[in-house]
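Engineer: The structure under discussion is supplied below as C-alpha cells; questions concerning it will follow.
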Amino acid sequence: MEQLTRRAQTANSLLCVGLDPVGDNVESRLQQVVEETAEYAAGFKPNLAFFLARPDGVALLQRLRQWIPQGVPMILDGKFGDIANTAERYAAFAYDVIGADGVTVNPYMGEDAILPFARPGKAVFVLAKTSNKPVHSWQDQELVKGGTVSDFSADVVQTLTHEYPGLGLVVGATNPAALGRLRQRCPELWFLVPGVGAQGGDLAATVQAGCRASDGLGVLINTSRALWQAAEPGAAARELTSQINALRAERLSATL
C-alpha cells in the first residue's frame with residue numbers, strides 16, 4: 001500500500017488500468033495499452049480469467065509483468081477464495097510465478113482465504129461490495145447484529161489491518177451509498193473500485209463517496225473496456241485522469 005500511495009502521489013492519479021484482453025492481436029494491443037497509459041496509471045489490473053482463457057495465458061501474464069514500468073503496481077484480479085495450503089499455492093502463483101504486487105481475494109471462506117496472500121510488501125484487496133447488481137445480492141443481506149454481509153467483510157478486514165497493513169477492499173462504483181458507508185467504516189483503507197464506465201458507475205459519485213477525507217487518495221478507480229477499446233488509449237487515460245483530479249480537487253476544497 002505504501003508503493004501504491006507513492007505511485008498515486010507521483011503520477012497524480014487514481015486511475016487503475018484494467019486489462020481484460022479480447023479480440024485479435026492481443027499481445028501487441030496489450031503492449032500498446034500499457035505503453036500509452038503507464039504515464040497516467042496508479043496501477044494496472046489484469047483480469048486472470050481473460051488470460052487463462054488463452055493457451056498462452058500464463059506466459060502472456062509473465063511478459064505483461066515485464067512491460068509494466070517499475071514502481072507501478074500490478075494487481076492480479078483472480079478473486080482467489082480457497083483456504084489453507086490451497087490458498088498458499090494460489091499466492092505462490094500470483095507472487096512467485098507471475099510477479100504480481102497484489103491480488104483480489106474472495107473472503108467467503110474466512111480469514112484462512114485472506115492471510116496466505118498477506119505477504120509483506122504485497123497488497124490484498126478483499127471483496128466487500130462488488131460492482132455487479134443482482135436484485136438480492138448476498139452481500140446486501142442484513143445480519144441479526146446489524147449491518148450487511150458487505151459491512152461485516154469490511155469490518156473484518158479493518159480489524160486485520162492492525163497486524164496485516166497491506167489489506168484493502170474491493171468496493172464497486174455502482175452503489176455510491178454502499179461505497180460511502182464503507183468509507184465511513186474504514187476511513188483510511190485503500191479501495192479498489194471497479195464499475196465506472198461500461199458497468200454504469202458514476203465517476204463523480206465515486207470520487208465523492210470513496211476518496212479519503214484526509215488526503216483525497218484511497219480509491220483506485222478501475223477502467224477496462226473504455227481504455228482497451230479506445231483508438232488512443234493514452235489520450236483516453238489522460239482525459240479520465242484529468243476528470244478524476246478535478247473531482248478530487250472539488251471534494252478536498254469542500255472539506256476544508
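Starting from 1 in every chain, residues are counted up; chains themselves are A, B, ... following the order of the C-alpha cells, and ligands are numbered from 1 as listed.
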Compile the contact shell of region 153-162 of chain A as number ranges by chain: residues with an atom at most 12 Å away, counting only C-alpha atoms, same-chain residues fewer than 5 positions apart removed.
Structural biologist: A: 1, 105-115, 118, 123-130, 138-140, 143, 147-148, 167-171, 178-179, 181-191
Engineer: Just want the 6 Å neighbourhood of region 66-80 of chain A, counted on only C-alpha atoms, with same-chain residues fewer than 6 positions away dropped. Output as a list of chain:residue names.
Structural biologist: A:Gly43, A:Phe44, A:Lys45, A:Pro46, A:Asn47, A:Leu48, A:Ala100, A:Asp101, A:Gly102, A:Val103, A:Thr104, A:Val105, A:Asn106
Engineer: Output C-alpha atoms for every residue in that selection, as a PDB file, in the first residue's frame.
Structural biologist:
ATOM      1  CA  GLY A  43      -1.799   0.724 -11.120  1.00  0.00           C
ATOM      2  CA  PHE A  44      -2.598  -1.991 -13.633  1.00  0.00           C
ATOM      3  CA  LYS A  45      -5.146  -4.743 -13.024  1.00  0.00           C
ATOM      4  CA  PRO A  46      -5.005  -7.754 -15.350  1.00  0.00           C
ATOM      5  CA  ASN A  47      -8.079  -9.970 -15.026  1.00  0.00           C
ATOM      6  CA  LEU A  48      -6.827 -13.533 -14.623  1.00  0.00           C
ATOM      7  CA  ALA A 100       2.174  -9.502  -9.051  1.00  0.00           C
ATOM      8  CA  ASP A 101       2.305  -6.751  -6.439  1.00  0.00           C
ATOM      9  CA  GLY A 102      -1.177  -7.534  -5.185  1.00  0.00           C
ATOM     10  CA  VAL A 103      -4.292  -9.634  -5.676  1.00  0.00           C
ATOM     11  CA  THR A 104      -8.034  -9.650  -5.196  1.00  0.00           C
ATOM     12  CA  VAL A 105      -9.449 -12.199  -2.759  1.00  0.00           C
ATOM     13  CA  ASN A 106     -12.922 -13.589  -2.018  1.00  0.00           C
TER      14      ASN A 106
END
Engineer: Please identify the helix (DSSP H, G or I) residues within region 51-163 of chain A (assignment by DSSP from backbone atoms) and present them as an MDAnalysis selection string.
Structural biologist: chainID A and resid 51:52 57:67 84:97 111:113 115:117 138:140 149:160
Engineer: What is the distance, in Å and to one decimal place, between CA of Thr5 (chain A) and CA of Leu217 (chain A)?
Structural biologist: 7.8 Å
Engineer: Using only C-alpha atoms, find each residue in region 28-75 of chain A having at least one atom no more than 8 Å away from region 227-241 of chain A; report its shortest atom-to-atom pair and that distance in Å (one decimal), rows by chain then rising number, as a Markdown table.
Structural biologist:
| residue | atom | partner | partner_atom | distance |
| --- | --- | --- | --- | --- |
| A:Val33 | CA | A:Pro233 | CA | 5.9 |
| A:Glu36 | CA | A:Gly234 | CA | 4.4 |
| A:Thr37 | CA | A:Gly234 | CA | 4.7 |
| A:Tyr40 | CA | A:Arg238 | CA | 6.3 |
| A:Ala41 | CA | A:Ala237 | CA | 7.9 |
Engineer: Nearest residue to Val97 (chain A) out of A:Gln62, A:Ser224, A:Asn85, A:Ser131, using only C-alpha atoms?
Structural biologist: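 Closest to Val97 (chain A) of all the choices is A:Gln62.
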Engineer: Going by DSSP on the backbone, which bits of region 136-215 of chain A are strand (DSSP E)? Write them as a PyMOL selection string, please.
Structural biologist: chain A and resi 167-171+191-193
Engineer: If you measure from CA of Gly57 (chain A) to CA of Arg29 (chain A), what distance in Å do you get, rounded to one decimal?
Structural biologist: 14.5 Å
Engineer: For Arg54 (chain A), which residue among A:Ala38, A:Leu14, A:Ile83, A:Val22 is the nearest when counting only C-alpha atoms?
Structural biologist: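 Between A:Ala38, A:Leu14, A:Ile83, A:Val22, the residue approaching Arg54 (chain A) most closely is A:Val22.
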Engineer: With only C-alpha atoms as the atoms that count, which of A:Ala246, A:Arg65, A:Leu19, A:Asp151 lies nearest to Ala49 (chain A)?
Structural biologist: A:Leu19
